[in-house]
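Just query38.csv here, CSV, N, CA and C atoms:
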chain,number,residue,atom,x,y,z
G,19,MET,N,113.9,122.3,52.1
G,19,MET,CA,113.3,121.4,51.2
G,19,MET,C,111.9,121.9,50.9
G,20,ILE,N,111.5,121.8,49.6
G,20,ILE,CA,110.1,122.2,49.3
G,20,ILE,C,109.3,120.9,49.1
G,21,ILE,N,108.2,120.9,49.8
G,21,ILE,CA,107.2,119.8,49.7
G,21,ILE,C,105.9,120.3,49.2
G,22,LEU,N,105.0,119.4,48.7
G,22,LEU,CA,103.8,119.8,48.0
G,22,LEU,C,102.6,119.3,48.7
G,23,HIS,N,101.5,120.1,48.9
G,23,HIS,CA,100.3,119.6,49.4
G,23,HIS,C,99.1,120.1,48.5
G,24,LEU,N,98.3,119.1,48.1
G,24,LEU,CA,97.1,119.4,47.3
G,24,LEU,C,95.9,119.6,48.2
G,25,VAL,N,95.1,120.7,47.9
G,25,VAL,CA,94.0,121.0,48.7
G,25,VAL,C,92.9,121.7,47.8
G,26,ALA,N,91.7,121.4,48.1
G,26,ALA,CA,90.6,122.1,47.4
G,26,ALA,C,90.7,123.6,47.6
G,27,ARG,N,90.6,124.4,46.6
G,27,ARG,CA,90.7,125.8,46.7
G,27,ARG,C,89.7,126.4,47.7
G,28,THR,N,88.5,125.9,47.7
G,28,THR,CA,87.5,126.4,48.7
G,28,THR,C,88.0,126.2,50.1
G,29,GLU,N,88.5,125.0,50.4
G,29,GLU,CA,89.0,124.7,51.8
G,29,GLU,C,90.1,125.7,52.2
G,30,PHE,N,91.1,125.8,51.3
G,30,PHE,CA,92.2,126.7,51.6
G,30,PHE,C,91.8,128.2,51.8
G,31,GLU,N,90.9,128.6,50.9
G,31,GLU,CA,90.5,130.0,50.9
G,31,GLU,C,89.6,130.3,52.1
G,32,ALA,N,88.9,129.3,52.6
G,32,ALA,CA,88.0,129.5,53.8
G,32,ALA,C,88.7,129.5,55.1
G,33,ALA,N,90.0,129.0,55.1
G,33,ALA,CA,90.8,129.0,56.3
G,33,ALA,C,91.2,130.4,56.7
G,34,PRO,N,91.2,130.8,58.0
G,34,PRO,CA,91.6,132.1,58.3
G,34,PRO,C,93.1,132.4,57.9
G,35,ALA,N,93.3,133.4,57.2
G,35,ALA,CA,94.6,133.8,56.6
G,35,ALA,C,95.6,134.2,57.7
G,36,ASP,N,95.1,134.6,58.9
G,36,ASP,CA,96.0,135.0,60.0
G,36,ASP,C,96.3,133.9,61.0
G,37,ARG,N,96.0,132.6,60.6
G,37,ARG,CA,96.3,131.5,61.4
G,37,ARG,C,96.9,130.4,60.6
G,38,PRO,N,97.7,129.5,61.3
G,38,PRO,CA,98.3,128.4,60.5
G,38,PRO,C,97.1,127.6,59.9
G,39,PHE,N,97.5,127.0,58.7
G,39,PHE,CA,96.5,126.2,58.0
G,39,PHE,C,96.5,124.7,58.5
G,40,LEU,N,95.3,124.2,58.7
G,40,LEU,CA,95.1,122.8,59.1
G,40,LEU,C,94.1,122.2,58.2
G,41,ALA,N,94.6,121.3,57.4
G,41,ALA,CA,93.8,120.6,56.4
G,41,ALA,C,92.7,119.8,57.1
G,42,ALA,N,91.5,119.8,56.4
G,42,ALA,CA,90.3,119.1,57.0
G,42,ALA,C,90.6,117.7,57.3
G,43,HIS,N,91.3,117.0,56.5
G,43,HIS,CA,91.6,115.5,56.7
G,43,HIS,C,92.5,115.3,57.9
G,44,TYR,N,93.1,116.3,58.5
G,44,TYR,CA,93.9,116.1,59.7
G,44,TYR,C,93.1,115.5,60.8
G,45,ALA,N,91.8,115.9,60.9
G,45,ALA,CA,91.0,115.4,62.0
G,45,ALA,C,90.8,113.8,61.9
G,46,THR,N,90.8,113.3,60.8
G,46,THR,CA,90.7,111.8,60.6
G,46,THR,C,92.0,111.1,60.5
G,47,ASP,N,93.0,111.7,59.8
G,47,ASP,CA,94.2,111.0,59.5
G,47,ASP,C,95.3,111.3,60.6
G,48,GLY,N,95.2,112.4,61.2
G,48,GLY,CA,96.2,112.7,62.3
G,48,GLY,C,97.5,113.4,61.7
G,49,PHE,N,97.5,113.7,60.4
G,49,PHE,CA,98.6,114.4,59.8
G,49,PHE,C,98.2,114.9,58.5
G,50,ILE,N,99.0,115.8,57.9
G,50,ILE,CA,98.7,116.4,56.6
G,50,ILE,C,99.6,115.7,55.5
G,51,HIS,N,98.9,115.2,54.5
G,51,HIS,CA,99.6,114.5,53.4
G,51,HIS,C,100.4,115.4,52.5
G,52,CYS,N,101.6,115.1,52.2
G,52,CYS,CA,102.4,115.9,51.2
G,52,CYS,C,103.2,114.9,50.4
G,53,THR,N,103.9,115.5,49.4
G,53,THR,CA,104.8,114.7,48.5
G,53,THR,C,105.9,115.7,48.1
G,54,THR,N,107.0,115.1,47.6
G,54,THR,CA,108.1,115.9,47.1
G,54,THR,C,108.2,116.0,45.6
G,55,GLU,N,107.4,115.2,44.9
G,55,GLU,CA,107.5,115.2,43.5
G,55,GLU,C,106.2,115.5,42.8
G,56,TRP,N,106.2,116.3,41.7
G,56,TRP,CA,105.0,116.6,41.0
G,56,TRP,C,104.4,115.4,40.3
G,57,ALA,N,105.2,114.5,39.8
G,57,ALA,CA,104.6,113.3,39.2
G,57,ALA,C,103.8,112.5,40.2
G,58,VAL,N,104.3,112.4,41.4
G,58,VAL,CA,103.6,111.6,42.4
G,58,VAL,C,102.4,112.4,42.8
G,59,LEU,N,102.5,113.7,42.9
G,59,LEU,CA,101.3,114.5,43.2
G,59,LEU,C,100.2,114.2,42.2
G,60,ARG,N,100.5,114.2,40.9
G,60,ARG,CA,99.6,114.0,39.9
G,60,ARG,C,99.0,112.6,40.0
G,61,HIS,N,99.8,111.6,40.3
G,61,HIS,CA,99.2,110.3,40.4
G,61,HIS,C,98.3,110.2,41.6
G,62,VAL,N,98.6,110.7,42.7
G,62,VAL,CA,97.7,110.7,43.9
G,62,VAL,C,96.5,111.5,43.6
G,63,ALA,N,96.6,112.7,43.0
G,63,ALA,CA,95.4,113.5,42.7
G,63,ALA,C,94.4,112.8,41.8
G,64,ASN,N,94.9,112.1,40.8
G,64,ASN,CA,94.1,111.4,39.9
G,64,ASN,C,93.5,110.1,40.5
G,65,SER,N,94.2,109.5,41.4
G,65,SER,CA,93.7,108.3,42.1
G,65,SER,C,92.7,108.6,43.2
G,66,VAL,N,92.9,109.7,43.9
G,66,VAL,CA,92.0,110.0,45.0
G,66,VAL,C,91.0,111.1,44.8
G,67,TYR,N,91.3,112.1,44.0
G,67,TYR,CA,90.5,113.3,43.9
G,67,TYR,C,89.9,113.5,42.5
G,68,ARG,N,90.1,112.6,41.6
G,68,ARG,CA,89.6,112.9,40.2
G,68,ARG,C,88.1,113.1,40.2
G,69,GLU,N,87.3,112.4,41.0
G,69,GLU,CA,85.9,112.6,41.0
G,69,GLU,C,85.4,113.8,41.9
G,70,ALA,N,86.3,114.3,42.7
G,70,ALA,CA,85.9,115.5,43.5
G,70,ALA,C,85.7,116.7,42.7
G,71,PRO,N,84.6,117.4,42.9
G,71,PRO,CA,84.3,118.6,42.1
G,71,PRO,C,85.1,119.8,42.6
G,72,GLY,N,85.2,120.8,41.7
G,72,GLY,CA,85.8,122.0,42.1
G,72,GLY,C,87.3,122.2,41.8
G,73,ASP,N,87.8,123.4,42.1
G,73,ASP,CA,89.2,123.7,41.8
G,73,ASP,C,90.1,123.3,43.0
G,74,PHE,N,91.3,122.9,42.6
G,74,PHE,CA,92.3,122.6,43.6
G,74,PHE,C,93.5,123.5,43.5
G,75,VAL,N,94.3,123.6,44.5
G,75,VAL,CA,95.6,124.3,44.5
G,75,VAL,C,96.6,123.4,45.1
G,76,VAL,N,97.9,123.7,44.7
G,76,VAL,CA,99.0,123.0,45.3
G,76,VAL,C,99.7,124.1,46.2
G,77,LEU,N,99.9,123.7,47.5
G,77,LEU,CA,100.7,124.6,48.3
G,77,LEU,C,102.2,124.1,48.3
G,78,GLU,N,103.1,125.0,47.9
G,78,GLU,CA,104.5,124.7,48.0
G,78,GLU,C,104.9,125.1,49.4
G,79,LEU,N,105.5,124.2,50.1
G,79,LEU,CA,105.9,124.4,51.5
G,79,LEU,C,107.4,124.2,51.8
G,80,ASP,N,107.9,125.2,52.5
G,80,ASP,CA,109.3,125.1,52.9
G,80,ASP,C,109.4,124.4,54.2
G,81,THR,N,110.0,123.2,54.2
G,81,THR,CA,110.0,122.4,55.5
G,81,THR,C,110.8,123.1,56.6
G,82,GLU,N,111.7,124.0,56.2
G,82,GLU,CA,112.5,124.7,57.2
G,82,GLU,C,111.7,125.7,58.0
G,83,ARG,N,110.5,126.1,57.5
G,83,ARG,CA,109.6,127.0,58.1
G,83,ARG,C,108.4,126.4,58.8
G,84,ILE,N,108.3,125.1,58.7
G,84,ILE,CA,107.2,124.4,59.4
G,84,ILE,C,107.6,124.0,60.8
G,85,THR,N,106.9,124.5,61.8
G,85,THR,CA,107.2,124.2,63.2
G,85,THR,C,106.6,122.9,63.7
G,86,SER,N,105.6,122.4,63.0
G,86,SER,CA,105.0,121.1,63.3
G,86,SER,C,106.0,120.0,62.9
G,87,GLU,N,105.9,118.9,63.5
G,87,GLU,CA,106.8,117.8,63.1
G,87,GLU,C,106.5,117.3,61.7
G,88,VAL,N,107.6,117.0,60.9
G,88,VAL,CA,107.5,116.5,59.6
G,88,VAL,C,108.2,115.2,59.6
G,89,LYS,N,107.5,114.1,59.2
G,89,LYS,CA,108.1,112.8,59.1
G,89,LYS,C,108.0,112.3,57.7
G,90,PHE,N,109.0,111.6,57.2
G,90,PHE,CA,109.0,111.0,55.9
G,90,PHE,C,108.7,109.5,56.1
G,91,GLU,N,107.5,109.1,55.6
G,91,GLU,CA,107.0,107.7,55.8
G,91,GLU,C,106.5,107.1,54.5
G,92,PRO,N,106.6,105.7,54.5
G,92,PRO,CA,106.1,105.0,53.3
G,92,PRO,C,104.6,105.0,53.3
G,93,PRO,N,104.0,104.8,52.1
G,93,PRO,CA,102.5,104.7,52.1
G,93,PRO,C,102.0,103.5,52.8
G,94,PHE,N,100.8,103.7,53.3
G,94,PHE,CA,100.1,102.6,54.0
G,94,PHE,C,98.7,102.4,53.5
G,95,PRO,N,98.4,101.2,53.1
G,95,PRO,CA,99.2,100.0,53.1
G,95,PRO,C,100.3,100.1,52.0
G,96,PRO,N,101.3,99.3,52.2
G,96,PRO,CA,102.4,99.3,51.2
G,96,PRO,C,101.9,98.9,49.8
G,97,PRO,N,102.3,99.6,48.8
G,97,PRO,CA,101.9,99.2,47.4
G,97,PRO,C,102.7,98.0,46.9
G,98,PRO,N,102.2,97.3,45.9
G,98,PRO,CA,103.0,96.3,45.3
G,98,PRO,C,104.3,96.8,44.7
G,99,PRO,N,105.4,96.0,44.5
G,99,PRO,CA,106.6,96.6,44.0
G,99,PRO,C,106.6,97.3,42.7
G,100,ASP,N,105.6,96.9,41.8
G,100,ASP,CA,105.5,97.5,40.5
G,100,ASP,C,104.6,98.7,40.5
G,101,HIS,N,104.1,99.1,41.6
G,101,HIS,CA,103.2,100.3,41.7
G,101,HIS,C,104.0,101.6,41.6
G,102,PRO,N,103.4,102.6,41.0
G,102,PRO,CA,104.1,103.9,40.8
G,102,PRO,C,104.6,104.5,42.2
G,103,LEU,N,103.9,104.2,43.3
G,103,LEU,CA,104.3,104.8,44.6
G,103,LEU,C,105.2,103.9,45.4
G,104,ALA,N,105.5,102.7,44.9
G,104,ALA,CA,106.4,101.8,45.6
G,104,ALA,C,107.8,102.5,45.8
G,105,GLY,N,108.3,102.4,47.0
G,105,GLY,CA,109.6,103.0,47.3
G,105,GLY,C,109.6,104.4,47.6
G,106,HIS,N,108.5,105.1,47.5
G,106,HIS,CA,108.4,106.5,47.8
G,106,HIS,C,108.2,106.7,49.3
G,107,LEU,N,108.8,107.8,49.9
G,107,LEU,CA,108.5,108.2,51.2
G,107,LEU,C,107.8,109.5,51.1
G,108,PHE,N,106.7,109.6,51.9
G,108,PHE,CA,105.8,110.8,51.8
G,108,PHE,C,106.0,111.7,53.1
G,109,PRO,N,106.2,113.0,52.9
G,109,PRO,CA,106.3,113.9,54.0
G,109,PRO,C,104.9,114.0,54.7
G,110,HIS,N,104.8,113.7,55.9
G,110,HIS,CA,103.6,113.9,56.7
G,110,HIS,C,103.8,115.0,57.7
G,111,ILE,N,102.9,115.9,57.8
G,111,ILE,CA,103.0,117.0,58.7
G,111,ILE,C,102.1,116.8,59.9
G,112,PHE,N,102.6,116.7,61.1
G,112,PHE,CA,101.9,116.3,62.3
G,112,PHE,C,101.5,117.6,63.1
G,113,GLY,N,100.6,118.4,62.4
G,113,GLY,CA,100.2,119.6,63.0
G,113,GLY,C,99.9,120.6,61.9
G,114,PRO,N,99.6,121.9,62.3
G,114,PRO,CA,99.2,122.9,61.3
G,114,PRO,C,100.4,123.3,60.5
G,115,ILE,N,100.1,123.9,59.3
G,115,ILE,CA,101.2,124.5,58.5
G,115,ILE,C,101.3,126.0,58.7
G,116,ASP,N,102.4,126.4,59.2
G,116,ASP,CA,102.7,127.8,59.4
G,116,ASP,C,102.5,128.6,58.1
G,117,ARG,N,101.8,129.7,58.1
G,117,ARG,CA,101.6,130.5,56.9
G,117,ARG,C,103.0,130.9,56.3
G,118,ALA,N,104.0,131.2,57.1
G,118,ALA,CA,105.3,131.6,56.6
G,118,ALA,C,105.9,130.4,55.8
G,119,ALA,N,105.5,129.2,56.0
G,119,ALA,CA,106.1,128.0,55.3
G,119,ALA,C,105.5,127.9,53.9
G,120,ILE,N,104.3,128.6,53.6
G,120,ILE,CA,103.7,128.5,52.3
G,120,ILE,C,104.4,129.5,51.4
G,121,THR,N,105.3,128.9,50.5
G,121,THR,CA,106.0,129.8,49.6
G,121,THR,C,105.3,130.1,48.3
G,122,MET,N,104.3,129.3,47.9
G,122,MET,CA,103.6,129.5,46.7
G,122,MET,C,102.3,128.7,46.8
G,123,VAL,N,101.2,129.3,46.2
G,123,VAL,CA,99.9,128.7,46.0
G,123,VAL,C,99.7,128.6,44.5
G,124,ARG,N,99.7,127.4,44.0
G,124,ARG,CA,99.6,127.2,42.5
G,124,ARG,C,98.2,126.6,42.2
G,125,PRO,N,97.5,127.2,41.3
G,125,PRO,CA,96.3,126.5,40.8
G,125,PRO,C,96.7,125.2,40.0
G,126,ILE,N,95.9,124.2,40.0
G,126,ILE,CA,96.3,123.0,39.3
G,126,ILE,C,95.2,122.8,38.2
G,127,LYS,N,95.6,122.6,37.0
G,127,LYS,CA,94.7,122.4,35.8
G,127,LYS,C,94.0,121.1,35.9
G,128,ARG,N,92.8,121.1,35.4
G,128,ARG,CA,92.0,119.8,35.3
G,128,ARG,C,91.3,119.8,34.0
G,129,GLU,N,91.2,118.6,33.5
G,129,GLU,CA,90.5,118.3,32.3
G,129,GLU,C,89.0,118.3,32.6
G,130,PRO,N,88.1,118.4,31.6
G,130,PRO,CA,86.7,118.3,31.8
G,130,PRO,C,86.2,117.0,32.6
G,131,ASP,N,87.0,115.9,32.4
G,131,ASP,CA,86.6,114.7,33.1
G,131,ASP,C,87.1,114.6,34.5
G,132,GLY,N,87.8,115.7,35.0
G,132,GLY,CA,88.3,115.7,36.4
G,132,GLY,C,89.8,115.3,36.5
G,133,THR,N,90.4,114.9,35.4
G,133,THR,CA,91.8,114.5,35.4
G,133,THR,C,92.7,115.7,35.7
G,134,PHE,N,93.6,115.5,36.7
G,134,PHE,CA,94.5,116.6,37.0
G,134,PHE,C,95.7,116.6,36.0
G,135,VAL,N,96.1,117.7,35.6
G,135,VAL,CA,97.2,117.8,34.6
G,135,VAL,C,98.3,118.7,35.2
G,136,ILE,N,99.4,118.1,35.2
G,136,ILE,CA,100.6,118.9,35.7
G,136,ILE,C,101.6,118.8,34.6
G,137,GLU,N,102.0,120.0,34.1
G,137,GLU,CA,102.9,120.1,33.0
G,137,GLU,C,104.3,120.3,33.4
For the structure just supplied, provide its representation as structure tokens.
Amino acid sequence: MIILHLVARTEFEAAPADRPFLAAHYATDGFIHCTTEWAVLRHVANSVYREAPGDFVVLELDTERITSEVKFEPPFPPPPPDHPLAGHLFPHIFGPIDRAAITMVRPIKREPDGTFVIE
């Protein structure tokens, strides 16, 4: 199964290429946030990272190649029933991402106002 992780390009490129990738937010959250759907990724990106400067990339990850535990969990706190994320389970990676699991690194387009655009 392919899952998606959004990360600042500078953070990803600064990580040692010969070691598994561990997102900076892992230290505070205890897992790496992912999703399975591009529309959900766009929603989260625009809700959380729209004001963040710089370029971002999407890591496409093959769960069969991730040796860290991957759990599918609901968002917390739970959104209201009419929210776009209601009913979605999010893949959370409890450890680093093996480089072999990264099947593609895709730049993500942004509008001048910071809005993420996924076509």
Next item on the list: Place a sphere of radius 8 Å on (103.3, 130.4, 47.8) in the file coordinates and name every protein, DNA or RNA residue with an atom inside or on its surface, counting all atoms listed in the file; give the answer as an MDAnalysis selection string.
Entry: chainID G and resid 76:79 119:124
With N, CA and C atoms retained, write the just-selected residues as a CSV table (one decimal), in the frame of the given file.
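Okay, again-v2.csv is ready:
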chain,number,residue,atom,x,y,z
G,76,VAL,N,97.9,123.7,44.7
G,76,VAL,CA,99.0,123.0,45.3
G,76,VAL,C,99.7,124.1,46.2
G,77,LEU,N,99.9,123.7,47.5
G,77,LEU,CA,100.7,124.6,48.3
G,77,LEU,C,102.2,124.1,48.3
G,78,GLU,N,103.1,125.0,47.9
G,78,GLU,CA,104.5,124.7,48.0
G,78,GLU,C,104.9,125.1,49.4
G,79,LEU,N,105.5,124.2,50.1
G,79,LEU,CA,105.9,124.4,51.5
G,79,LEU,C,107.4,124.2,51.8
G,119,ALA,N,105.5,129.2,56.0
G,119,ALA,CA,106.1,128.0,55.3
G,119,ALA,C,105.5,127.9,53.9
G,120,ILE,N,104.3,128.6,53.6
G,120,ILE,CA,103.7,128.5,52.3
G,120,ILE,C,104.4,129.5,51.4
G,121,THR,N,105.3,128.9,50.5
G,121,THR,CA,106.0,129.8,49.6
G,121,THR,C,105.3,130.1,48.3
G,122,MET,N,104.3,129.3,47.9
G,122,MET,CA,103.6,129.5,46.7
G,122,MET,C,102.3,128.7,46.8
G,123,VAL,N,101.2,129.3,46.2
G,123,VAL,CA,99.9,128.7,46.0
G,123,VAL,C,99.7,128.6,44.5
G,124,ARG,N,99.7,127.4,44.0
G,124,ARG,CA,99.6,127.2,42.5
G,124,ARG,C,98.2,126.6,42.2
Note to self: With all atoms listed in the file as the counted atoms, please give the residues lying no more than 6 Å from Gly113 in chain G, apart from itself and same-chain residues fewer than 4 positions off, as a ChimeraX atom specification.
What the structure shows: /G:40,48-50,86-87
Notebook entry, point to check: Within 8 Å of Arg117 in chain G, counting only C-alpha atoms, which residues qualify if same-chain residues fewer than 3 places away don't, as a list in words?
Noted result: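 So, after excluding close chain neighbours, the residues are Ala35, Asp36, Arg37, Pro38, Phe39 and Ile120 of chain G.
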Next item on the list: Write out as a list of chain:residue names which residues come within 10 Å of Phe74 in chain G when counting only C-alpha atoms, dropping same-chain ones fewer than 6 positions away.
Entry: G:Leu24, G:Val25, G:Ala26, G:Arg27, G:Thr28, G:Glu29, G:Phe30, G:Ala63, G:Tyr67, G:Arg124, G:Pro125, G:Ile126, G:Lys127, G:Arg128, G:Phe134
Next item on the list: Fewer than 5 positions away in the same chain doesn't count, so skip those; otherwise give me all residues within 9 Å of range 69-71 of chain G, counting only C-alpha atoms, as an NGL selection string.
Entry: :G and (26 or 64 or 131-133)
Note to self: Can you pull out the residues contacting His51 in chain G? Cut-off 6 Å, using only N, CA and C atoms, and skip same-chain residues under 3 positions away; I want them as JSON, numbers by chain.
What the structure shows: {"G": [22, 23, 109, 110, 111]}
Notebook entry, point to check: Smallest atom-to-atom distance to Leu107 in chain G: which of G:Cys52, G:Arg83, G:Val135, G:Val66, using only N, CA and C atoms?
Noted result: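 Among the listed residues, the smallest separation from Leu107 in chain G belongs to G:Cys52.
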Next item on the list: May I have all residues of chain G that DSSP, computed from the backbone, assigns to alpha helix (DSSP H), given as a PyMOL selection string?
Entry: chain G and resi 27-32+44-47+56-66
DSSP on the backbone: what in range 36-134 of chain G comes out strand (DSSP E), as a PDB file with N, CA and C atoms, in the coordinates of the input?
ATOM      1  N   ILE G  50      99.000 115.800  57.900  1.00  0.00           N
ATOM      2  CA  ILE G  50      98.700 116.400  56.600  1.00  0.00           C
ATOM      3  C   ILE G  50      99.600 115.700  55.500  1.00  0.00           C
ATOM      4  N   HIS G  51      98.900 115.200  54.500  1.00  0.00           N
ATOM      5  CA  HIS G  51      99.600 114.500  53.400  1.00  0.00           C
ATOM      6  C   HIS G  51     100.400 115.400  52.500  1.00  0.00           C
ATOM      7  N   PHE G  74      91.300 122.900  42.600  1.00  0.00           N
ATOM      8  CA  PHE G  74      92.300 122.600  43.600  1.00  0.00           C
ATOM      9  C   PHE G  74      93.500 123.500  43.500  1.00  0.00           C
ATOM     10  N   VAL G  75      94.300 123.600  44.500  1.00  0.00           N
ATOM     11  CA  VAL G  75      95.600 124.300  44.500  1.00  0.00           C
ATOM     12  C   VAL G  75      96.600 123.400  45.100  1.00  0.00           C
ATOM     13  N   VAL G  76      97.900 123.700  44.700  1.00  0.00           N
ATOM     14  CA  VAL G  76      99.000 123.000  45.300  1.00  0.00           C
ATOM     15  C   VAL G  76      99.700 124.100  46.200  1.00  0.00           C
ATOM     16  N   LEU G  77      99.900 123.700  47.500  1.00  0.00           N
ATOM     17  CA  LEU G  77     100.700 124.600  48.300  1.00  0.00           C
ATOM     18  C   LEU G  77     102.200 124.100  48.300  1.00  0.00           C
ATOM     19  N   GLU G  78     103.100 125.000  47.900  1.00  0.00           N
ATOM     20  CA  GLU G  78     104.500 124.700  48.000  1.00  0.00           C
ATOM     21  C   GLU G  78     104.900 125.100  49.400  1.00  0.00           C
ATOM     22  N   LEU G  79     105.500 124.200  50.100  1.00  0.00           N
ATOM     23  CA  LEU G  79     105.900 124.400  51.500  1.00  0.00           C
ATOM     24  C   LEU G  79     107.400 124.200  51.800  1.00  0.00           C
ATOM     25  N   ASP G  80     107.900 125.200  52.500  1.00  0.00           N
ATOM     26  CA  ASP G  80     109.300 125.100  52.900  1.00  0.00           C
ATOM     27  C   ASP G  80     109.400 124.400  54.200  1.00  0.00           C
ATOM     28  N   GLU G  87     105.900 118.900  63.500  1.00  0.00           N
ATOM     29  CA  GLU G  87     106.800 117.800  63.100  1.00  0.00           C
ATOM     30  C   GLU G  87     106.500 117.300  61.700  1.00  0.00           C
ATOM     31  N   VAL G  88     107.600 117.000  60.900  1.00  0.00           N
ATOM     32  CA  VAL G  88     107.500 116.500  59.600  1.00  0.00           C
ATOM     33  C   VAL G  88     108.200 115.200  59.600  1.00  0.00           C
ATOM     34  N   LYS G  89     107.500 114.100  59.200  1.00  0.00           N
ATOM     35  CA  LYS G  89     108.100 112.800  59.100  1.00  0.00           C
ATOM     36  C   LYS G  89     108.000 112.300  57.700  1.00  0.00           C
ATOM     37  N   PHE G  90     109.000 111.600  57.200  1.00  0.00           N
ATOM     38  CA  PHE G  90     109.000 111.000  55.900  1.00  0.00           C
ATOM     39  C   PHE G  90     108.700 109.500  56.100  1.00  0.00           C
ATOM     40  N   GLU G  91     107.500 109.100  55.600  1.00  0.00           N
ATOM     41  CA  GLU G  91     107.000 107.700  55.800  1.00  0.00           C
ATOM     42  C   GLU G  91     106.500 107.100  54.500  1.00  0.00           C
ATOM     43  N   PHE G 108     106.700 109.600  51.900  1.00  0.00           N
ATOM     44  CA  PHE G 108     105.800 110.800  51.800  1.00  0.00           C
ATOM     45  C   PHE G 108     106.000 111.700  53.100  1.00  0.00           C
ATOM     46  N   PRO G 109     106.200 113.000  52.900  1.00  0.00           N
ATOM     47  CA  PRO G 109     106.300 113.900  54.000  1.00  0.00           C
ATOM     48  C   PRO G 109     104.900 114.000  54.700  1.00  0.00           C
ATOM     49  N   HIS G 110     104.800 113.700  55.900  1.00  0.00           N
ATOM     50  CA  HIS G 110     103.600 113.900  56.700  1.00  0.00           C
ATOM     51  C   HIS G 110     103.800 115.000  57.700  1.00  0.00           C
ATOM     52  N   ILE G 111     102.900 115.900  57.800  1.00  0.00           N
ATOM     53  CA  ILE G 111     103.000 117.000  58.700  1.00  0.00           C
ATOM     54  C   ILE G 111     102.100 116.800  59.900  1.00  0.00           C
ATOM     55  N   PHE G 112     102.600 116.700  61.100  1.00  0.00           N
ATOM     56  CA  PHE G 112     101.900 116.300  62.300  1.00  0.00           C
ATOM     57  C   PHE G 112     101.500 117.600  63.100  1.00  0.00           C
ATOM     58  N   ILE G 120     104.300 128.600  53.600  1.00  0.00           N
ATOM     59  CA  ILE G 120     103.700 128.500  52.300  1.00  0.00           C
ATOM     60  C   ILE G 120     104.400 129.500  51.400  1.00  0.00           C
ATOM     61  N   THR G 121     105.300 128.900  50.500  1.00  0.00           N
ATOM     62  CA  THR G 121     106.000 129.800  49.600  1.00  0.00           C
ATOM     63  C   THR G 121     105.300 130.100  48.300  1.00  0.00           C
ATOM     64  N   MET G 122     104.300 129.300  47.900  1.00  0.00           N
ATOM     65  CA  MET G 122     103.600 129.500  46.700  1.00  0.00           C
ATOM     66  C   MET G 122     102.300 128.700  46.800  1.00  0.00           C
ATOM     67  N   VAL G 123     101.200 129.300  46.200  1.00  0.00           N
ATOM     68  CA  VAL G 123      99.900 128.700  46.000  1.00  0.00           C
ATOM     69  C   VAL G 123      99.700 128.600  44.500  1.00  0.00           C
ATOM     70  N   ARG G 124      99.700 127.400  44.000  1.00  0.00           N
ATOM     71  CA  ARG G 124      99.600 127.200  42.500  1.00  0.00           C
ATOM     72  C   ARG G 124      98.200 126.600  42.200  1.00  0.00           C
ATOM     73  N   PRO G 125      97.500 127.200  41.300  1.00  0.00           N
ATOM     74  CA  PRO G 125      96.300 126.500  40.800  1.00  0.00           C
ATOM     75  C   PRO G 125      96.700 125.200  40.000  1.00  0.00           C
ATOM     76  N   LYS G 127      95.600 122.600  37.000  1.00  0.00           N
ATOM     77  CA  LYS G 127      94.700 122.400  35.800  1.00  0.00           C
ATOM     78  C   LYS G 127      94.000 121.100  35.900  1.00  0.00           C
ATOM     79  N   ARG G 128      92.800 121.100  35.400  1.00  0.00           N
ATOM     80  CA  ARG G 128      92.000 119.800  35.300  1.00  0.00           C
ATOM     81  C   ARG G 128      91.300 119.800  34.000  1.00  0.00           C
ATOM     82  N   PHE G 134      93.600 115.500  36.700  1.00  0.00           N
ATOM     83  CA  PHE G 134      94.500 116.600  37.000  1.00  0.00           C
ATOM     84  C   PHE G 134      95.700 116.600  36.000  1.00  0.00           C
TER      85      PHE G 134
END
Notebook entry, point to check: CA of Met19 in chain G to CA of Glu91 in chain G: how many Å, to one decimal?
Noted result: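 Going from CA of Met19 in chain G over to CA of Glu91 in chain G, I get 15.8 Å.
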Margin query: I'd like the interatomic distance between atom N of Val62 in chain G and CA of His43 in chain G, to a tenth of an Å.
Written below: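 Pair atom N of Val62 in chain G / CA of His43 in chain G returns 16.4 Å.
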Next item on the list: Kindly indicate which residue among G:Asp116, G:Ile20, G:Val58, G:Thr46 lies nearest to Pro102 in chain G, using all atoms listed in the file for the distances.
Entry: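 Nearest candidate to Pro102 in chain G out of G:Asp116, G:Ile20, G:Val58, G:Thr46: G:Val58.
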Check: For Pro114 in chain G, which residue out of G:Ala41, G:Phe90, G:Glu55, G:Glu137 is the nearest one, using all atoms listed in the file?
Finding: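 Checking each of G:Ala41, G:Phe90, G:Glu55, G:Glu137 against Pro114 in chain G, counting all atoms listed in the file, the winner is G:Ala41.
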Item checked: Length of the CA of Arg60 in chain G to CA of Pro93 in chain G vector [Å] ->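 Taking CA of Arg60 in chain G and CA of Pro93 in chain G, their separation equals 15.6 Å.
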Next item on the list: Go through G:Thr54, G:Arg68, G:Asp73, G:Ala42 one by one, measure the shortest atom-to-atom distance of each to Phe108 in chain G using only N, CA and C atoms, and give the residue with the smallest value.
Entry: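 For Phe108 in chain G, the nearest of the given residues is G:Thr54.
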